[in-house]
$ cat query.txt   # compact mmCIF, C-alpha atoms
# COMPACT_ATOMS: atom_id res chain seq x y z
CA MET W 47 -22.19 -75.86 56.31
CA ILE W 48 -18.97 -77.68 55.45
CA GLU W 49 -18.18 -75.23 52.65
CA GLU W 50 -18.17 -72.29 55.09
CA THR W 51 -15.97 -74.26 57.47
CA ILE W 52 -13.40 -74.89 54.72
CA ASP W 53 -13.48 -71.20 53.77
CA GLU W 54 -12.80 -70.31 57.41
CA VAL W 55 -9.79 -72.63 57.44
CA PHE W 56 -8.39 -70.90 54.36
CA ALA W 57 -9.05 -67.43 55.80
CA ALA W 58 -7.20 -68.36 59.00
CA GLY W 59 -4.15 -69.00 56.81
CA ASP W 60 -4.55 -65.65 55.02
CA CYS W 61 -5.44 -67.34 51.75
CA SER W 62 -8.30 -68.13 49.44
CA GLY W 63 -8.64 -71.58 48.01
CA SER W 64 -10.50 -74.37 46.30
CA LEU W 65 -10.83 -77.98 47.43
CA SER W 66 -12.13 -81.14 45.86
CA ALA W 67 -12.28 -84.53 47.58
CA LEU W 68 -13.53 -87.77 46.03
CA GLU W 69 -13.99 -91.17 47.60
CA ILE W 70 -12.02 -93.55 45.39
CA ASP W 71 -14.11 -96.66 46.05
CA GLY W 72 -17.46 -95.00 46.61
CA PRO W 73 -19.69 -92.03 45.75
CA GLY W 74 -18.53 -89.53 48.40
CA ARG W 75 -17.73 -86.11 46.99
CA LEU W 76 -17.00 -82.66 48.37
CA SER W 77 -16.25 -79.63 46.21
CA VAL W 78 -15.58 -76.13 47.52
CA ALA W 79 -15.08 -73.73 44.60
CA GLY W 80 -13.71 -76.83 42.86
CA GLY W 81 -14.70 -75.67 39.38
CA GLU W 82 -12.67 -72.46 39.54
CA LEU W 83 -9.48 -72.32 37.48
CA ALA W 84 -6.44 -71.80 39.72
CA VAL W 85 -2.68 -71.65 39.31
CA ALA W 86 -1.54 -75.28 39.45
CA ALA W 87 2.12 -74.64 40.27
CA SER W 88 4.01 -77.95 40.28
CA THR W 89 0.92 -80.10 40.76
CA PHE W 90 0.56 -80.08 36.96
CA LYS W 91 3.60 -82.38 36.87
CA ILE W 92 1.19 -85.23 37.63
CA THR W 93 -0.13 -84.84 34.08
CA ILE W 94 3.38 -85.00 32.61
CA GLY W 95 4.14 -88.11 34.65
CA LEU W 96 0.94 -89.76 33.46
CA GLU W 97 1.74 -89.13 29.80
CA PHE W 98 5.32 -90.35 30.24
CA PHE W 99 4.29 -93.62 31.88
CA CYS W 100 1.46 -94.15 29.38
CA GLN W 101 3.81 -93.73 26.42
CA ALA W 102 6.22 -96.16 28.09
CA ALA W 103 3.46 -98.71 28.71
CA GLU W 104 2.24 -98.32 25.13
CA GLY W 105 5.73 -98.98 23.73
CA GLU W 106 6.34 -95.48 22.37
CA LEU W 107 9.40 -94.83 24.50
CA ASP W 108 11.86 -96.78 26.61
CA PRO W 109 11.94 -95.51 30.21
CA SER W 110 15.51 -96.82 30.55
CA GLU W 111 16.65 -94.62 27.65
CA ARG W 112 19.54 -92.47 28.83
CA VAL W 113 19.75 -88.74 28.19
CA VAL W 114 22.45 -86.18 28.96
CA VAL W 115 21.22 -83.06 30.73
CA SER W 116 23.60 -80.10 30.54
CA PRO W 117 23.67 -77.20 33.01
CA ALA W 118 23.47 -74.90 29.99
CA GLY W 119 19.94 -76.18 29.35
CA ALA W 120 18.74 -76.07 32.95
CA SER W 121 15.42 -74.47 33.82
CA PRO W 122 15.08 -72.19 36.87
CA GLY W 123 14.82 -74.09 40.15
CA GLY W 124 16.64 -74.83 43.36
CA GLN W 125 17.19 -78.58 43.29
CA GLY W 126 18.23 -81.60 41.26
CA LEU W 127 19.19 -81.05 37.63
CA CYS W 128 18.55 -77.30 38.02
CA ILE W 129 21.74 -76.81 40.06
CA THR W 130 24.29 -79.24 38.64
CA GLU W 131 27.65 -77.91 37.45
CA ASP W 132 28.44 -80.76 35.06
CA PRO W 133 26.43 -82.67 32.44
CA VAL W 134 24.45 -85.55 33.95
CA GLU W 135 23.63 -88.82 32.17
CA ILE W 136 20.39 -90.24 33.50
CA SER W 137 17.52 -92.52 32.44
CA LEU W 138 14.18 -91.02 31.47
CA ARG W 139 12.59 -93.03 34.30
CA ASP W 140 14.84 -91.33 36.84
CA VAL W 141 14.15 -87.96 35.22
CA ALA W 142 10.48 -88.66 35.97
CA ARG W 143 11.42 -89.64 39.53
CA LEU W 144 13.21 -86.31 40.06
CA MET W 145 10.19 -84.46 38.68
CA LEU W 146 7.69 -86.18 40.95
CA THR W 147 9.71 -86.60 44.16
CA ILE W 148 11.68 -83.35 44.46
CA SER W 149 9.76 -81.29 41.86
CA ASP W 150 12.80 -80.78 39.63
CA ASN W 151 11.88 -78.15 37.00
CA THR W 152 14.66 -79.12 34.59
CA ALA W 153 13.58 -82.76 34.75
CA THR W 154 10.02 -81.62 34.01
CA ASP W 155 11.07 -79.67 30.93
CA VAL W 156 13.14 -82.63 29.67
CA LEU W 157 10.01 -84.81 29.83
CA ILE W 158 7.70 -82.17 28.34
CA ARG W 159 10.00 -81.92 25.32
CA ARG W 160 10.21 -85.73 25.10
CA VAL W 161 6.51 -86.61 25.34
CA GLY W 162 5.05 -83.42 23.83
CA ILE W 163 2.70 -81.04 25.62
CA GLU W 164 0.03 -81.55 22.92
CA ARG W 165 0.03 -85.27 23.70
CA VAL W 166 -0.51 -84.45 27.38
CA LYS W 167 -3.46 -82.21 26.51
CA ALA W 168 -4.94 -84.80 24.15
CA ARG W 169 -4.83 -87.54 26.78
CA LEU W 170 -6.51 -85.31 29.37
CA ALA W 171 -9.19 -84.32 26.87
CA GLY W 172 -9.76 -87.96 25.98
CA LEU W 173 -10.36 -88.71 29.64
CA GLY W 174 -12.92 -85.89 29.79
CA PHE W 175 -10.80 -83.46 31.82
CA THR W 176 -11.25 -79.97 30.42
CA GLY W 177 -10.20 -77.99 33.50
CA PHE W 178 -6.50 -77.81 32.63
CA HIS W 179 -4.47 -75.08 30.95
CA LEU W 180 -0.94 -76.23 30.06
CA PRO W 181 1.04 -73.72 27.96
CA GLY W 182 4.31 -75.62 27.70
CA THR W 183 7.65 -75.83 29.47
CA ILE W 184 8.34 -74.25 32.84
CA GLN W 185 11.12 -72.20 31.22
CA HIS W 186 8.56 -70.75 28.79
CA GLU W 187 6.09 -69.99 31.58
CA LEU W 188 8.63 -68.23 33.79
CA ASP W 189 10.08 -66.20 30.93
CA THR W 190 6.54 -65.10 30.04
CA ALA W 191 5.80 -64.01 33.62
CA ALA W 192 9.09 -62.10 33.84
CA ARG W 193 8.44 -60.30 30.55
CA ASP W 194 4.94 -59.37 31.69
CA ALA W 195 6.53 -57.84 34.79
CA GLY W 196 8.89 -55.72 32.69
CA PHE W 197 12.04 -57.88 32.52
CA ALA W 198 13.72 -59.26 29.41
CA ASP W 199 13.31 -62.84 30.69
CA TRP W 200 13.48 -64.89 33.89
CA ASP W 201 17.28 -64.75 34.07
CA ALA W 202 17.19 -60.96 33.86
CA MET W 203 14.67 -60.86 36.70
CA ALA W 204 16.80 -63.22 38.79
CA ASP W 205 19.83 -60.98 38.21
CA ALA W 206 17.79 -57.95 39.34
CA LEU W 207 16.82 -59.85 42.50
CA GLY W 208 20.46 -60.67 43.29
CA ASP W 209 22.15 -60.48 46.69
CA SER W 210 23.07 -56.82 46.18
CA THR W 211 19.42 -55.77 45.86
CA PRO W 212 18.01 -54.16 49.05
CA PRO W 213 15.38 -56.48 50.64
CA GLU W 214 12.48 -54.06 50.27
CA GLU W 215 13.31 -53.41 46.63
CA GLY W 216 13.58 -57.13 45.97
CA LYS W 217 10.24 -57.75 47.68
CA ALA W 218 8.58 -55.10 45.52
CA MET W 219 10.04 -56.66 42.36
CA TRP W 220 8.76 -60.11 43.32
CA GLN W 221 5.31 -58.73 44.12
CA ARG W 222 5.29 -57.20 40.64
CA VAL W 223 6.04 -60.61 39.15
CA LEU W 224 3.30 -62.28 41.24
CA ALA W 225 0.79 -59.67 40.03
CA SER W 226 1.82 -59.95 36.38
CA PRO W 227 -0.61 -61.43 33.82
CA GLY W 228 1.78 -64.34 33.27
CA MET W 229 1.28 -65.53 36.85
CA GLN W 230 -2.52 -65.60 36.66
CA PRO W 231 -4.84 -68.59 36.09
CA GLY W 232 -5.25 -69.25 32.40
CA ARG W 233 -1.77 -67.93 31.52
CA ILE W 234 0.55 -70.06 33.63
CA SER W 235 -0.17 -73.79 34.11
CA SER W 236 -3.60 -73.94 35.69
CA ALA W 237 -6.24 -76.44 36.74
CA THR W 238 -9.46 -76.83 38.65
CA ALA W 239 -9.43 -78.72 41.93
CA ASP W 240 -12.33 -80.84 40.64
CA ASP W 241 -10.39 -82.10 37.61
CA MET W 242 -7.18 -82.55 39.60
CA ALA W 243 -8.94 -84.75 42.16
CA ALA W 244 -10.80 -86.65 39.44
CA LEU W 245 -7.56 -87.28 37.55
CA VAL W 246 -5.84 -88.68 40.63
CA ARG W 247 -8.90 -90.82 41.41
CA ALA W 248 -8.71 -92.23 37.88
CA VAL W 249 -5.01 -93.02 38.34
CA TRP W 250 -5.72 -94.90 41.57
CA ARG W 251 -8.54 -96.83 39.87
CA ASN W 252 -6.37 -97.69 36.81
CA GLU W 253 -8.76 -95.69 34.65
CA ALA W 254 -6.36 -92.95 33.48
CA GLY W 255 -4.30 -95.23 31.24
CA PRO W 256 -2.69 -98.68 31.14
CA ALA W 257 -2.56 -100.34 34.55
CA ASP W 258 1.25 -100.39 34.53
CA ALA W 259 1.36 -96.67 33.81
CA CYS W 260 -1.04 -95.87 36.64
CA ALA W 261 0.90 -98.12 39.04
CA ASN W 262 4.21 -96.43 38.21
CA LEU W 263 2.74 -92.97 38.72
CA ARG W 264 1.21 -94.01 42.05
CA ARG W 265 4.53 -95.42 43.20
CA MET W 266 6.48 -92.29 42.42
CA MET W 267 3.88 -89.96 43.93
CA GLY W 268 4.25 -92.01 47.10
CA GLN W 269 7.96 -91.18 47.13
CA GLN W 270 7.53 -87.38 47.21
CA ARG W 271 9.85 -85.88 49.83
CA LEU W 272 7.65 -82.89 50.75
CA THR W 273 5.18 -83.94 53.45
CA ARG W 274 4.34 -80.65 55.16
CA LYS W 275 1.08 -79.92 53.36
CA ILE W 276 -1.86 -82.41 53.20
CA ALA W 277 0.08 -84.96 55.26
CA THR W 278 0.28 -82.60 58.26
CA GLY W 279 -3.44 -83.09 58.82
CA PHE W 280 -3.06 -86.77 59.71
CA GLY W 281 -1.13 -89.11 61.96
CA PRO W 282 1.51 -91.62 60.84
CA GLU W 283 -1.10 -94.37 60.50
CA VAL W 284 -2.62 -92.52 57.52
CA LEU W 285 -0.80 -92.88 54.19
CA VAL W 286 -0.51 -89.86 51.89
CA ALA W 287 0.81 -89.96 48.32
CA SER W 288 0.81 -86.54 46.69
CA LYS W 289 2.41 -83.93 44.47
CA SER W 290 2.76 -80.46 45.90
CA GLY W 291 3.16 -77.12 44.16
CA THR W 292 4.39 -73.73 45.34
CA VAL W 293 4.91 -70.24 43.98
CA PRO W 294 6.79 -68.47 46.81
CA GLY W 295 4.68 -65.76 48.34
CA GLY W 296 1.70 -66.58 46.18
CA VAL W 297 0.52 -70.17 45.73
CA SER W 298 0.58 -73.31 47.88
CA ASN W 299 -1.06 -76.48 46.52
CA ASP W 300 -1.14 -80.21 47.13
CA VAL W 301 -2.88 -83.00 45.19
CA GLY W 302 -2.93 -86.66 46.05
CA VAL W 303 -4.56 -89.61 47.80
CA VAL W 304 -5.14 -90.18 51.50
CA THR W 305 -5.54 -93.79 52.65
CA PHE W 306 -6.92 -94.57 56.12
CA PRO W 307 -6.13 -97.69 58.18
CA ASP W 308 -9.60 -99.09 57.47
CA GLY W 309 -8.82 -99.05 53.73
CA GLN W 310 -10.94 -96.05 52.76
CA ARG W 311 -9.18 -93.95 50.12
CA TYR W 312 -9.83 -90.39 49.02
CA ALA W 313 -8.43 -88.32 46.18
CA ILE W 314 -8.02 -84.71 47.24
CA ALA W 315 -6.85 -81.52 45.57
CA ILE W 316 -6.28 -78.27 47.47
CA LEU W 317 -5.24 -75.14 45.56
CA THR W 318 -4.63 -71.95 47.55
CA ARG W 319 -3.45 -68.40 46.92
CA SER W 320 -2.19 -65.90 49.47
CA LEU W 321 -4.45 -62.93 50.20
CA THR W 322 -1.35 -60.83 50.92
CA PRO W 323 0.94 -60.78 47.86
CA GLY W 324 4.43 -61.80 48.81
CA ALA W 325 3.38 -63.42 52.09
CA PRO W 326 3.58 -67.23 52.12
CA THR W 327 0.56 -69.38 52.91
CA ARG W 328 0.93 -71.39 56.09
CA GLU W 329 1.41 -74.87 54.69
CA ASP W 330 -0.33 -76.55 57.64
CA VAL W 331 -3.55 -74.87 56.45
CA LEU W 332 -3.70 -77.44 53.65
CA GLY W 333 -3.43 -80.26 56.18
CA THR W 334 -6.20 -78.75 58.30
CA ALA W 335 -8.46 -78.31 55.27
CA ALA W 336 -7.82 -81.90 54.18
CA ARG W 337 -8.57 -83.28 57.65
CA VAL W 338 -11.81 -81.30 57.96
CA ALA W 339 -12.95 -82.29 54.45
CA LEU W 340 -12.22 -86.00 54.83
CA HIS W 341 -13.67 -86.16 58.34
CA TYR W 342 -16.88 -84.77 56.86
CA LEU W 343 -16.93 -87.34 54.06
CA ARG W 344 -16.10 -90.25 56.35
CA ALA W 345 -18.72 -89.24 58.91
CA ASP W 346 -21.46 -88.17 56.53
CA GLY W 347 -20.73 -90.10 53.36
CA THR W 348 -22.80 -87.74 51.18
CA SER W 349 -21.86 -85.31 48.48
CA SER W 350 -21.67 -81.54 48.69
CA SER W 351 -20.53 -78.85 46.31
CA ARG W 352 -20.53 -75.12 45.90
$ encode --input "query.txt" --output "structure tokens"
Amino acid sequence: MIEETIDEVFAAGDCSGSLSALEIDGPGRLSVAGGELAVAASTFKITIGLEFFCQAAEGELDPSERVVVSPAGASPGGQGLCITEDPVEISLRDVARLMLTISDNTATDVLIRRVGIERVKARLAGLGFTGFHLPGTIQHELDTAARDAGFADWDAMADALGDSTPPEEGKAMWQRVLASPGMQPGRISSATADDMAALVRAVWRNEAGPADACANLRRMMGQQRLTRKIATGFGPEVLVASKSGTVPGGVSNDVGVVTFPDGQRYAIAILTRSLTPGAPTREDVLGTAARVALHYLRADGTSSSR
């Protein structure tokens, strides 16, 4: 059975996982634990991008509007606006680009505050997607997880994990954070693989919002710089546009669309969690799972779920 084969792929990477794959232009469907709520990590940024581009297409905001992002307001993260030393003036459109291409957490929080998390939830609900849990900004989520693990906030935890902390002690602290209630599905940003894949399918079919909004989201997802997850399962002749998500030592996800040279297109969402807390998932496992799943759909063309 294909479901058992996918489970074996996950187990080989020391992780558990869920997978959902949908043929974009046909009825093919494969779901392996796809209805289970899982930590979304940065894949939830697809939903923020959708709301941003929809509001722009509907005339509610100007994507060329310029904002100033100060280091004092930066959210935790290791790239982009998270690590600047001086205020940066930038358009909202390029804030969205940083969010979707390099997974900039500060850029994400700028957009969440601009478009409103309740508007994001309302749009998803209007599209019939109920498998999302979106509590708010990344800063809020990380502070919550740190407090649940016994720290005052995320900055206090980061200070405790500083360079002077012995490696084993630091590892134990991080494992405590990973095991905290704030890092579990339903507390931190979460989603089901089924709804993630269905949302991306709707974007590629111009069914998730105005056509211009869907086109802009597709374009920016195609510019993501991280290609060592789903894309590793395919050769250069196969196009992959996706948004990845990672919680170091805990979660490794990727959601996007795979397009084959013959024109067949598949939306796919893979959400995994390490079976050994603190040990990273091998990212190539997501590529292997994607290749196995889409080979099954292309060869068989039927639907399967568990």
$ residues_around --input "query.txt" --residues "region 321-324 of chain W" --least-positions-apart "6" --cutoff "10 Å" --atoms "all atoms listed in the file" --output "PyMOL selection string"
chain W and resi 56-57+59-63+217-225+293-297
$ residues_near_point --input "query.txt" --point "(-19.1, -86.7, 52.8)" --cutoff "10 Å" --atoms "only C-alpha atoms" --output "ChimeraX atom specification"
/W:48,67-69,73-76,339-350
$ write_last_selection --input "query.txt" --atoms "C-alpha atoms" --output "tab-separated table (two decimals), in the coordinates of the input"
chain	number	residue	atom	x	y	z
W	48	ILE	CA	-18.97	-77.68	55.45
W	67	ALA	CA	-12.28	-84.53	47.58
W	68	LEU	CA	-13.53	-87.77	46.03
W	69	GLU	CA	-13.99	-91.17	47.60
W	73	PRO	CA	-19.69	-92.03	45.75
W	74	GLY	CA	-18.53	-89.53	48.40
W	75	ARG	CA	-17.73	-86.11	46.99
W	76	LEU	CA	-17.00	-82.66	48.37
W	339	ALA	CA	-12.95	-82.29	54.45
W	340	LEU	CA	-12.22	-86.00	54.83
W	341	HIS	CA	-13.67	-86.16	58.34
W	342	TYR	CA	-16.88	-84.77	56.86
W	343	LEU	CA	-16.93	-87.34	54.06
W	344	ARG	CA	-16.10	-90.25	56.35
W	345	ALA	CA	-18.72	-89.24	58.91
W	346	ASP	CA	-21.46	-88.17	56.53
W	347	GLY	CA	-20.73	-90.10	53.36
W	348	THR	CA	-22.80	-87.74	51.18
W	349	SER	CA	-21.86	-85.31	48.48
W	350	SER	CA	-21.67	-81.54	48.69
$ atom_distance --input "query.txt" --atom1 "CA of Phe197 (chain W)" --atom2 "CA of Arg319 (chain W)"
23.6 Å
$ atom_distance --input "query.txt" --atom1 "CA of Val301 (chain W)" --atom2 "CA of Pro256 (chain W)"
21.1 Å
$ closest_atom_pairs --input "query.txt" --of "region 285-323 of chain W" --to "region 127-150 of chain W" --cutoff "9 Å" --atoms "only C-alpha atoms" --output "JSON lines"
{"residue": "W:Ser288", "atom": "CA", "partner": "W:Leu146", "partner_atom": "CA", "distance": 9.0}
{"residue": "W:Lys289", "atom": "CA", "partner": "W:Leu146", "partner_atom": "CA", "distance": 6.7}
{"residue": "W:Ser290", "atom": "CA", "partner": "W:Ser149", "partner_atom": "CA", "distance": 8.1}
{"residue": "W:Gly291", "atom": "CA", "partner": "W:Ser149", "partner_atom": "CA", "distance": 8.1}
$ residues_near_point --input "query.txt" --point "(0.6, -87.7, 24.5)" --cutoff "12 Å" --atoms "only C-alpha atoms" --output "PDB file with C-alpha atoms, in the frame of the given file"
ATOM      1  CA  THR W  93      -0.130 -84.840  34.080  1.00  0.00           C
ATOM      2  CA  ILE W  94       3.380 -85.000  32.610  1.00  0.00           C
ATOM      3  CA  GLY W  95       4.140 -88.110  34.650  1.00  0.00           C
ATOM      4  CA  LEU W  96       0.940 -89.760  33.460  1.00  0.00           C
ATOM      5  CA  GLU W  97       1.740 -89.130  29.800  1.00  0.00           C
ATOM      6  CA  PHE W  98       5.320 -90.350  30.240  1.00  0.00           C
ATOM      7  CA  PHE W  99       4.290 -93.620  31.880  1.00  0.00           C
ATOM      8  CA  CYS W 100       1.460 -94.150  29.380  1.00  0.00           C
ATOM      9  CA  GLN W 101       3.810 -93.730  26.420  1.00  0.00           C
ATOM     10  CA  ALA W 102       6.220 -96.160  28.090  1.00  0.00           C
ATOM     11  CA  GLU W 104       2.240 -98.320  25.130  1.00  0.00           C
ATOM     12  CA  GLU W 106       6.340 -95.480  22.370  1.00  0.00           C
ATOM     13  CA  LEU W 107       9.400 -94.830  24.500  1.00  0.00           C
ATOM     14  CA  LEU W 157      10.010 -84.810  29.830  1.00  0.00           C
ATOM     15  CA  ILE W 158       7.700 -82.170  28.340  1.00  0.00           C
ATOM     16  CA  ARG W 159      10.000 -81.920  25.320  1.00  0.00           C
ATOM     17  CA  ARG W 160      10.210 -85.730  25.100  1.00  0.00           C
ATOM     18  CA  VAL W 161       6.510 -86.610  25.340  1.00  0.00           C
ATOM     19  CA  GLY W 162       5.050 -83.420  23.830  1.00  0.00           C
ATOM     20  CA  ILE W 163       2.700 -81.040  25.620  1.00  0.00           C
ATOM     21  CA  GLU W 164       0.030 -81.550  22.920  1.00  0.00           C
ATOM     22  CA  ARG W 165       0.030 -85.270  23.700  1.00  0.00           C
ATOM     23  CA  VAL W 166      -0.510 -84.450  27.380  1.00  0.00           C
ATOM     24  CA  LYS W 167      -3.460 -82.210  26.510  1.00  0.00           C
ATOM     25  CA  ALA W 168      -4.940 -84.800  24.150  1.00  0.00           C
ATOM     26  CA  ARG W 169      -4.830 -87.540  26.780  1.00  0.00           C
ATOM     27  CA  LEU W 170      -6.510 -85.310  29.370  1.00  0.00           C
ATOM     28  CA  ALA W 171      -9.190 -84.320  26.870  1.00  0.00           C
ATOM     29  CA  GLY W 172      -9.760 -87.960  25.980  1.00  0.00           C
ATOM     30  CA  GLY W 255      -4.300 -95.230  31.240  1.00  0.00           C
TER      31      GLY W 255
END
$ closest_residue --input "query.txt" --among "W:Asn299, W:Thr273, W:Ser236, W:Gln310" --to "Pro326 (chain W)" --atoms "all atoms listed in the file"
W:Asn299
$ closest_atom_pairs --input "query.txt" --of "region 106-179 of chain W" --to "region 77-90 of chain W" --cutoff "9 Å" --atoms "only C-alpha atoms" --output "Markdown table"
| residue | atom | partner | partner_atom | distance |
| --- | --- | --- | --- | --- |
| W:Ser149 | CA | W:Ser88 | CA | 6.8 |
| W:Asn151 | CA | W:Ser88 | CA | 8.5 |
| W:Gly177 | CA | W:Leu83 | CA | 7.0 |
| W:Phe178 | CA | W:Leu83 | CA | 7.9 |
| W:His179 | CA | W:Leu83 | CA | 8.7 |
$ atom_distance --input "query.txt" --atom1 "CA of Val246 (chain W)" --atom2 "CA of Val284 (chain W)"
17.6 Å
$ closest_residue --input "query.txt" --among "W:Leu272, W:Ala336, W:Ala248, W:Ile70" --to "Leu173 (chain W)" --atoms "all atoms listed in the file"
W:Ala248
$ closest_residue --input "query.txt" --among "W:Val286, W:Ala118, W:Ile52, W:Ala198" --to "Thr318 (chain W)" --atoms "only C-alpha atoms"
W:Ile52
$ closest_residue --input "query.txt" --among "W:Glu50, W:Asp108, W:Asp240, W:Gly72" --to "Thr176 (chain W)" --atoms "only C-alpha atoms"
W:Asp240
